[in-house]
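Below is data_36.txt, holding compact mmCIF, C-alpha atoms and all ligand atoms.
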```txt
# COMPACT_ATOMS: atom_id res chain seq x y z
CA MET A 1 -20.64 2.62 -8.67
CA GLY A 2 -21.59 -0.03 -11.22
CA GLU A 3 -17.97 -0.59 -12.17
CA ALA A 4 -16.92 -0.78 -8.49
CA LEU A 5 -19.55 -3.49 -7.92
CA ILE A 6 -18.52 -5.44 -11.02
CA ARG A 7 -14.86 -5.32 -10.05
CA GLY A 8 -15.77 -6.28 -6.46
CA PHE A 9 -17.87 -9.25 -7.65
CA LEU A 10 -14.98 -10.44 -9.81
CA ARG A 11 -12.42 -10.05 -7.02
CA SER A 12 -14.64 -11.96 -4.59
CA LYS A 13 -15.28 -14.57 -7.31
CA VAL A 14 -19.02 -14.45 -6.63
CA SER A 15 -19.25 -13.97 -10.40
CA SER A 16 -16.97 -14.27 -13.41
CA PRO A 17 -16.44 -12.01 -16.46
CA GLY A 18 -18.24 -14.45 -18.78
CA ARG A 19 -21.40 -14.30 -16.65
CA ILE A 20 -21.65 -10.50 -16.62
CA CYS A 21 -23.33 -8.52 -19.35
CA VAL A 22 -23.30 -4.70 -19.33
CA SER A 23 -25.04 -1.83 -21.07
CA VAL A 24 -22.72 1.19 -21.03
CA ARG A 25 -22.54 4.08 -23.46
CA ASP A 26 -19.25 5.74 -22.57
CA VAL A 27 -16.48 4.38 -24.83
CA GLU A 28 -13.73 4.70 -22.22
CA ARG A 29 -15.82 2.74 -19.72
CA GLN A 30 -16.53 0.12 -22.39
CA ASP A 31 -12.77 -0.23 -22.94
CA ALA A 32 -12.15 -0.51 -19.18
CA LEU A 33 -14.73 -3.29 -18.92
CA GLU A 34 -13.28 -5.10 -21.93
CA ARG A 35 -9.86 -4.98 -20.28
CA ILE A 36 -11.21 -6.86 -17.23
CA GLY A 37 -12.65 -9.50 -19.55
CA ILE A 38 -16.37 -8.66 -19.61
CA GLY A 39 -17.49 -10.48 -22.74
CA SER A 40 -20.94 -9.03 -23.37
CA ILE A 41 -20.88 -5.25 -23.56
CA PHE A 42 -23.81 -3.46 -25.15
CA GLY A 43 -24.36 0.24 -25.83
CA ASP A 44 -26.86 2.80 -24.58
CA ALA A 45 -29.64 1.28 -22.50
CA THR A 46 -32.18 3.41 -24.31
CA ASP A 47 -30.90 2.29 -27.69
CA GLY A 48 -31.11 -1.51 -27.44
CA GLY A 49 -28.82 -2.01 -24.43
CA SER A 50 -31.68 -2.73 -22.01
CA LYS A 51 -33.20 -5.29 -24.37
CA GLU A 52 -29.88 -7.12 -24.75
CA VAL A 53 -29.19 -7.11 -21.01
CA ALA A 54 -32.69 -8.43 -20.23
CA GLN A 55 -32.28 -11.15 -22.84
CA PHE A 56 -29.02 -12.46 -21.40
CA SER A 57 -29.40 -11.83 -17.65
CA SER A 58 -31.63 -12.99 -14.85
CA VAL A 59 -30.32 -10.46 -12.29
CA ILE A 60 -30.22 -6.86 -13.55
CA LEU A 61 -28.44 -4.08 -11.66
CA LEU A 62 -29.50 -0.53 -12.47
CA CYS A 63 -26.52 1.76 -11.86
CA THR A 64 -27.30 4.95 -13.75
CA LYS A 65 -27.74 8.33 -12.07
CA PRO A 66 -31.20 8.84 -10.53
CA GLN A 67 -31.81 11.62 -13.10
CA ALA A 68 -31.34 9.09 -15.95
CA MET A 69 -33.49 6.44 -14.31
CA THR A 70 -36.84 7.38 -15.87
CA GLU A 71 -35.63 6.80 -19.42
CA VAL A 72 -33.63 3.70 -18.45
CA LEU A 73 -36.71 2.20 -16.75
CA GLN A 74 -38.81 3.00 -19.83
CA SER A 75 -36.30 1.22 -22.04
CA LEU A 76 -36.18 -1.82 -19.77
CA ALA A 77 -39.91 -2.20 -18.97
CA PRO A 78 -40.97 -3.95 -22.21
CA HIS A 79 -38.24 -6.59 -21.79
CA VAL A 80 -38.38 -7.35 -18.09
CA THR A 81 -40.56 -10.21 -16.85
CA SER A 82 -41.29 -11.98 -13.57
CA GLU A 83 -38.24 -14.14 -14.39
CA HIS A 84 -35.91 -11.21 -13.71
CA LEU A 85 -34.65 -9.80 -10.42
CA VAL A 86 -34.01 -6.04 -10.80
CA ILE A 87 -31.71 -4.31 -8.30
CA SER A 88 -31.45 -0.51 -8.27
CA VAL A 89 -28.60 1.36 -6.56
CA ALA A 90 -29.99 4.81 -7.40
CA ALA A 91 -30.19 7.26 -4.51
CA GLY A 92 -33.72 8.34 -3.67
CA ILE A 93 -35.57 6.30 -6.30
CA THR A 94 -38.28 4.42 -4.41
CA LEU A 95 -39.44 0.83 -4.77
CA GLN A 96 -42.85 2.14 -5.75
CA THR A 97 -41.35 4.21 -8.58
CA LEU A 98 -39.32 1.22 -9.77
CA GLU A 99 -42.22 -1.23 -9.52
CA SER A 100 -44.73 1.00 -11.26
CA ALA A 101 -42.28 1.81 -14.06
CA LEU A 102 -41.31 -1.82 -14.65
CA GLY A 103 -44.77 -3.33 -14.30
CA GLU A 104 -46.81 -5.40 -11.89
CA GLY A 105 -45.18 -8.58 -10.69
CA VAL A 106 -41.60 -7.48 -11.38
CA ARG A 107 -39.22 -8.46 -8.59
CA VAL A 108 -37.37 -5.33 -7.47
CA VAL A 109 -34.82 -4.61 -4.74
CA ARG A 110 -33.44 -1.21 -3.76
CA VAL A 111 -29.84 -1.17 -2.59
CA MET A 112 -27.54 1.54 -1.27
CA PRO A 113 -23.96 0.31 -1.64
CA ASN A 114 -20.74 2.32 -1.42
CA THR A 115 -17.57 2.45 -3.50
CA PRO A 116 -15.28 0.52 -1.09
CA ALA A 117 -17.16 -2.51 -2.49
CA LEU A 118 -14.36 -2.38 -5.05
CA VAL A 119 -11.91 -3.59 -2.39
CA GLN A 120 -14.37 -5.92 -0.58
CA CYS A 121 -14.86 -3.35 2.20
CA GLY A 122 -18.24 -2.01 1.14
CA ALA A 123 -21.12 -1.16 3.46
CA SER A 124 -24.53 -1.74 1.86
CA ALA A 125 -28.13 -1.75 2.94
CA TYR A 126 -31.10 -3.04 0.97
CA ALA A 127 -34.89 -3.05 1.02
CA LEU A 128 -36.97 -5.69 -0.71
CA GLY A 129 -39.84 -4.94 -3.08
CA LYS A 130 -43.28 -6.51 -2.69
CA ASN A 131 -42.78 -9.27 -5.28
CA VAL A 132 -39.40 -10.64 -4.24
CA THR A 133 -38.94 -14.19 -3.00
CA ALA A 134 -36.81 -15.51 -0.15
CA ARG A 135 -34.37 -16.77 -2.79
CA ASP A 136 -34.10 -13.24 -4.25
CA ALA A 137 -33.22 -11.93 -0.78
CA ASP A 138 -30.53 -14.63 -0.54
CA ILE A 139 -29.12 -13.60 -3.94
CA VAL A 140 -28.94 -9.93 -2.92
CA ASP A 141 -27.33 -10.86 0.39
CA LEU A 142 -24.82 -13.13 -1.36
CA LEU A 143 -23.84 -10.47 -3.90
CA LEU A 144 -23.52 -7.63 -1.39
CA SER A 145 -21.79 -9.63 1.34
CA SER A 146 -19.25 -10.80 -1.25
CA VAL A 147 -18.09 -7.17 -1.46
CA GLY A 148 -18.36 -6.16 2.20
CA PHE A 149 -20.88 -5.75 4.99
CA CYS A 150 -24.58 -5.72 4.14
CA ILE A 151 -27.80 -5.38 6.08
CA ALA A 152 -31.54 -5.42 5.30
CA VAL A 153 -33.41 -2.27 6.34
CA GLU A 154 -36.89 -0.84 5.97
CA GLU A 155 -37.19 1.19 2.80
CA LYS A 156 -37.93 4.38 4.76
CA GLN A 157 -34.40 4.11 6.24
CA LEU A 158 -32.60 4.04 2.88
CA ASP A 159 -32.29 7.82 2.50
CA ALA A 160 -30.54 7.91 5.88
CA VAL A 161 -28.28 5.06 4.73
CA THR A 162 -27.50 7.09 1.61
CA GLY A 163 -26.49 10.11 3.71
CA LEU A 164 -24.37 7.96 6.03
CA SER A 165 -22.63 5.07 4.22
CA GLY A 166 -23.50 5.83 0.57
CA SER A 167 -21.96 9.30 0.69
CA GLY A 168 -19.76 8.55 3.72
CA PRO A 169 -16.57 7.50 1.90
CA ALA A 170 -16.32 11.07 0.58
CA TYR A 171 -16.51 12.51 4.12
CA VAL A 172 -13.76 10.13 5.19
CA TYR A 173 -11.56 11.08 2.21
CA LEU A 174 -11.99 14.72 3.17
CA MET A 175 -10.99 13.82 6.73
CA ILE A 176 -7.93 11.83 5.58
CA GLU A 177 -6.85 14.69 3.34
CA ALA A 178 -7.24 17.20 6.17
CA MET A 179 -5.39 14.98 8.68
CA ALA A 180 -2.55 14.57 6.18
CA ASP A 181 -2.45 18.36 5.72
CA GLY A 182 -2.08 18.63 9.49
CA GLY A 183 0.80 16.16 9.39
CA VAL A 184 2.50 18.18 6.65
CA MET A 185 1.98 21.34 8.66
CA ALA A 186 3.64 19.63 11.63
CA GLY A 187 6.65 18.74 9.45
CA LEU A 188 5.99 15.35 7.78
CA PRO A 189 6.60 14.65 4.08
CA ARG A 190 3.27 14.55 2.17
CA GLU A 191 3.44 10.85 1.27
CA THR A 192 4.28 9.78 4.81
CA ALA A 193 1.49 11.97 6.20
CA LEU A 194 -1.08 10.58 3.76
CA ALA A 195 -0.12 6.95 4.43
CA LEU A 196 -0.24 7.47 8.21
CA ALA A 197 -3.60 9.28 8.00
CA ALA A 198 -5.24 6.61 5.81
CA LYS A 199 -3.86 3.69 7.83
CA THR A 200 -4.99 5.37 11.05
CA VAL A 201 -8.55 5.70 9.76
CA ALA A 202 -8.62 2.09 8.49
CA GLY A 203 -7.17 0.71 11.73
CA ALA A 204 -9.40 2.79 13.99
CA ALA A 205 -12.50 1.70 12.04
CA GLN A 206 -11.49 -1.94 12.36
CA MET A 207 -11.13 -1.60 16.16
CA VAL A 208 -14.82 -0.67 16.41
CA PHE A 209 -15.55 -4.27 15.39
CA GLY A 210 -13.39 -5.71 18.17
CA ASP A 211 -10.06 -7.47 18.14
CA ASP A 212 -10.78 -9.57 15.04
CA GLY A 213 -12.15 -6.71 12.91
CA GLY A 214 -15.66 -8.25 12.72
CA SER A 215 -17.42 -10.08 9.90
CA ASN A 216 -19.74 -9.19 7.03
CA SER A 217 -22.69 -10.73 8.85
CA SER A 218 -25.07 -8.23 10.47
CA SER A 219 -25.92 -10.77 13.19
CA ALA A 220 -22.32 -11.04 14.43
CA LEU A 221 -21.26 -7.45 14.83
CA GLY A 222 -20.17 -7.26 18.49
CA MET A 223 -19.12 -3.62 18.22
CA VAL A 224 -17.10 -1.61 20.74
CA HIS A 225 -18.43 1.90 21.47
CA PRO A 226 -16.17 4.43 19.74
CA GLY A 227 -16.28 6.64 22.86
CA VAL A 228 -14.59 3.85 24.86
CA LEU A 229 -11.89 3.48 22.20
CA LYS A 230 -11.41 7.26 22.07
CA ASP A 231 -10.95 7.44 25.84
CA ARG A 232 -8.25 4.74 25.66
CA VAL A 233 -6.21 6.90 23.27
CA ALA A 234 -6.50 10.09 25.33
CA SER A 235 -3.92 10.15 28.16
CA PRO A 236 -4.47 12.65 30.99
CA ALA A 237 -2.94 16.00 30.09
CA GLY A 238 -1.66 14.36 26.91
CA THR A 239 -1.57 15.12 23.20
CA THR A 240 -4.87 13.49 22.18
CA ILE A 241 -7.10 15.38 24.57
CA ALA A 242 -5.49 18.60 23.33
CA GLY A 243 -6.32 17.62 19.73
CA LEU A 244 -9.85 16.47 20.63
CA ALA A 245 -10.56 19.76 22.39
CA GLU A 246 -9.66 21.60 19.17
CA LEU A 247 -12.04 19.38 17.14
CA GLU A 248 -14.88 19.90 19.62
CA SER A 249 -14.40 23.67 19.70
CA SER A 250 -14.43 23.68 15.88
CA GLY A 251 -17.81 21.94 15.91
CA VAL A 252 -16.63 18.88 13.97
CA ARG A 253 -19.08 16.53 15.71
CA GLY A 254 -22.03 18.75 14.76
CA ALA A 255 -20.67 19.19 11.25
CA PHE A 256 -20.70 15.40 10.67
CA ILE A 257 -24.22 15.10 12.05
CA ARG A 258 -25.42 17.91 9.79
CA ALA A 259 -23.59 16.47 6.76
CA VAL A 260 -25.26 13.05 7.07
CA SER A 261 -28.62 14.60 7.72
CA ARG A 262 -28.36 17.05 4.78
CA ALA A 263 -27.27 14.28 2.41
CA ALA A 264 -30.20 12.11 3.56
CA GLN A 265 -32.53 15.04 2.91
CA ARG A 266 -30.99 15.46 -0.57
CA ALA A 267 -31.70 11.75 -1.31
CA LYS A 268 -35.34 12.36 -0.40
CA GLU A 269 -35.45 15.44 -2.65
CA ILE A 270 -33.99 13.43 -5.57
CA GLY A 271 -36.68 10.79 -5.10
CA SER A 272 -39.48 13.30 -5.23
N1 LIG B 301 -20.87 7.01 -6.63
C1 LIG B 301 -21.18 6.44 -5.47
O1 LIG B 301 -20.37 6.40 -4.54
C2 LIG B 301 -22.54 5.83 -5.29
C3 LIG B 301 -23.50 5.92 -6.25
N2 LIG B 301 -24.73 5.35 -6.07
C4 LIG B 301 -25.72 5.42 -7.12
O2 LIG B 301 -25.14 4.82 -8.27
C5 LIG B 301 -25.67 5.43 -9.42
C6 LIG B 301 -24.54 5.84 -10.34
O3 LIG B 301 -23.77 6.84 -9.71
P1 LIG B 301 -22.28 7.10 -10.16
O4 LIG B 301 -21.59 5.80 -10.39
O5 LIG B 301 -21.71 8.05 -9.19
O6 LIG B 301 -22.52 7.83 -11.56
P2 LIG B 301 -21.72 7.73 -12.93
O7 LIG B 301 -22.19 8.87 -13.77
O8 LIG B 301 -20.25 7.60 -12.67
O9 LIG B 301 -22.21 6.37 -13.54
C7 LIG B 301 -23.40 6.23 -14.22
C8 LIG B 301 -23.10 5.54 -15.51
O10 LIG B 301 -24.35 5.28 -16.18
C9 LIG B 301 -24.12 5.51 -17.54
N3 LIG B 301 -25.36 5.72 -18.26
C10 LIG B 301 -26.20 6.78 -18.15
N4 LIG B 301 -27.24 6.63 -19.00
C11 LIG B 301 -27.02 5.46 -19.65
C12 LIG B 301 -27.72 4.78 -20.66
N5 LIG B 301 -28.86 5.25 -21.17
N6 LIG B 301 -27.23 3.61 -21.11
C13 LIG B 301 -26.07 3.11 -20.62
N7 LIG B 301 -25.35 3.73 -19.67
C14 LIG B 301 -25.82 4.88 -19.19
C15 LIG B 301 -23.26 6.73 -17.55
O11 LIG B 301 -22.69 6.94 -18.81
P3 LIG B 301 -22.20 8.40 -19.29
O12 LIG B 301 -20.87 8.57 -18.61
O13 LIG B 301 -22.12 8.25 -20.76
O14 LIG B 301 -23.25 9.39 -18.82
C16 LIG B 301 -22.25 6.37 -16.48
O15 LIG B 301 -21.23 5.54 -16.97
C17 LIG B 301 -26.51 6.60 -8.98
O16 LIG B 301 -27.87 6.25 -9.08
C18 LIG B 301 -26.10 6.83 -7.53
O17 LIG B 301 -27.15 7.33 -6.76
C19 LIG B 301 -25.03 4.63 -4.95
C20 LIG B 301 -24.11 4.51 -3.96
C21 LIG B 301 -22.80 5.13 -4.01
O1 LIG B 302 -23.56 11.49 -4.45
C1 LIG B 302 -24.48 10.73 -4.78
O2 LIG B 302 -25.59 11.19 -5.10
C2 LIG B 302 -24.26 9.25 -4.75
C3 LIG B 302 -25.25 8.53 -3.88
C4 LIG B 302 -24.47 8.09 -2.69
C5 LIG B 302 -23.10 8.35 -3.03
N1 LIG B 302 -23.00 8.95 -4.18
```
Please express what this file holds, its structure, as structure tokens.
Amino acid sequence: MGEALIRGFLRSKVSSPGRICVSVRDVERQDALERIGIGSIFGDATDGGSKEVAQFSSVILLCTKPQAMTEVLQSLAPHVTSEHLVISVAAGITLQTLESALGEGVRVVRVMPNTPALVQCGASAYALGKNVTARDADIVDLLLSSVGFCIAVEEKQLDAVTGLSGSGPAYVYLMIEAMADGGVMAGLPRETALALAAKTVAGAAQMVFGDDGGSNSSSALGMVHPGVLKDRVASPAGTTIAGLAELESSGVRGAFIRAVSRAAQRAKEIGS
């Protein structure tokens, strides 16, 4: 996720390689970051990396797995001051956990992004910690909206966001794969089926935001109800209603609801 955000920030030009400094321990990932021009790459956060990052950065993004967060926070705490803005993308890890690990007065924001940030089509939500300033909120908004849509939410909603848009790209990939399988079963070559499935999902999603595809601003969404769009595709006694009836009798609608809800519950479990 960290690499997707870095690459997204570079593509959007909200930042530049010379302004980004990374602590990363995996050698292959270090090489990948070097190849995109990141100048300051330090090793393991728990072995000096956190200190170096805190020394050279004012905005620090924490992108390790939630399970690694305790030791990363411990390594960062002695070096972080009220001059830093710390942004965590870790599923489930609460603002209270972050603030109490990093120390009183530290400015912390909790974000749930998703990997399409890499191609400027991310969907992120964020909750502000108790010490952040209005300028911090502007910085977070600027960074996240440079890589897609972003919206401020109450912290208690972030586990639901995690189950929906954080994990959501994986549900959609599963759906694209399955739709392509259906196309192959009906006689299409694999590549044609995959391209048609992926383009159909991208185009259909864009239609929900109206004719112009919408903007990254949460105040200008103007969405069209997906039920209305669905009804426009389904001709009486036609192909679509036959396909939809199969999906409904397979319980797909309920399966998506349960998937989002179970993933949100898992985020809560991780945090506790
Ligand atoms: N993947 C996604 O779609 C999303 C993920 N997130 C959140 O992003 C975070 C990362 O997830 P994800 O990208 O999937 O996980 P990854 O395992 O791919 O990335 C985590 C990275 O952190 C590195 N790391 C771990 N410990 C240290 C350390 N001490 N010092 C330096 N680097 C370290 C890991 O290195 P190594 O490989 O050596 O272990 C790895 O490169 C999680 O908290 C997750 O909840 C949020 C939204 C979406
Ligand atoms: O699977 C995970 O735990 C992370 C958080 C959201 C997406 N990926």
Residues within 6 Å of ligand LIG 302 (chain B) should be enumerated using all atoms listed in the file and returned as a PyMOL selection string.
chain A and resi 91+162+166-167
Stretch 127-143 of chain A: which residues within 12 Å, counting all atoms listed in the file, same-chain residues fewer than 6 positions away excluded, as a PyMOL selection string?
chain A and resi 5-6+8-15+58-61+81-89+93-100+103-113+117+120+149-159+161+216-218
Nearby polymer residues, ligand LIG 301 (chain B), at most 6 Å, only C-alpha atoms and all ligand atoms, as a list in words:
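I would give the residues around ligand LIG 301 (chain B) as Met1, Gly2, Ser23, Val24, Arg25, Asp26, Asp44, Ala45, Thr46, Cys63, Thr64, Lys65, Pro66, Ala68, Val72, Val89, Ala90, Ala91, Met112, Pro113, Asn114, Thr115 and Gly166 of chain A.
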Which distance in Å separates atom CA of A:Ser40 and atom CA of A:Val22, to one decimal?
6.4 Å
In Å to one decimal, how far is atom CA of A:Gly182 from atom CA of A:Leu194?
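Separation of atom CA of A:Leu194 and atom CA of A:Gly182: 9.9 Å.
Using only C-alpha atoms, the shortest contact distance between A:Ala170 and any of A:Val119, A:Ala54, A:Ala234, A:Val260 is found at A:Val260.
For the pair atom CA of A:Ala264 and atom CA of A:Tyr126, the interatomic distance is 15.4 Å.
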Surrounding residues of A:Ala198 excluding itself and chain neighbours under 5 positions, 9 Å, all atoms listed in the file, as a list in words:
Tyr173, Ile176, Glu177, Met179, Ala180, Ala193 and Gly203 of chain A
Generate the output file for the selected residues, C-alpha atoms, as a short mmCIF file (atom, residue, chain, number, x, y, z; two decimals), in the coordinates of the input.
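The resulting file, result.cif, is reproduced below:
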```cif
data_model
loop_
_atom_site.label_atom_id
_atom_site.label_comp_id
_atom_site.auth_asym_id
_atom_site.auth_seq_id
_atom_site.Cartn_x
_atom_site.Cartn_y
_atom_site.Cartn_z
CA TYR A 173 -11.56 11.08 2.21
CA ILE A 176 -7.93 11.83 5.58
CA GLU A 177 -6.85 14.69 3.34
CA MET A 179 -5.39 14.98 8.68
CA ALA A 180 -2.55 14.57 6.18
CA ALA A 193 1.49 11.97 6.20
CA GLY A 203 -7.17 0.71 11.73
#
```
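Minimum atom-to-atom distances from A:Gly18, A:Gln206, A:Pro78, A:Pro226 to A:Ser57 were compared using all atoms listed in the file, and the lowest value belongs to A:Gly18.
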Polymer residues at most 12 Å from A:Leu244, all atoms listed in the file, same-chain spacing of 4 or more positions, as a compact mmCIF listing (two decimals) with C-alpha atoms, in the frame of the given file:
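So the final result, stored in out02.txt, reads:
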```
# COMPACT_ATOMS: atom_id res chain seq x y z
CA GLY A 227 -16.28 6.64 22.86
CA LYS A 230 -11.41 7.26 22.07
CA ASP A 231 -10.95 7.44 25.84
CA VAL A 233 -6.21 6.90 23.27
CA ALA A 234 -6.50 10.09 25.33
CA SER A 235 -3.92 10.15 28.16
CA ALA A 237 -2.94 16.00 30.09
CA GLY A 238 -1.66 14.36 26.91
CA THR A 239 -1.57 15.12 23.20
CA THR A 240 -4.87 13.49 22.18
CA GLU A 248 -14.88 19.90 19.62
CA SER A 249 -14.40 23.67 19.70
CA SER A 250 -14.43 23.68 15.88
CA GLY A 251 -17.81 21.94 15.91
CA VAL A 252 -16.63 18.88 13.97
CA ARG A 253 -19.08 16.53 15.71
```
Between A:Glu3, A:Pro189, A:Ala204, A:Glu71, which is the closest to A:Ile38 once you count all atoms listed in the file?
A:Glu3
Using only C-alpha atoms, pick whichever of A:Ala32, A:Leu118, A:Met185, A:Ala178 has the shortest atom-to-atom distance to A:Ala197.
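That would be A:Ala178, the residue with the smallest distance to A:Ala197.
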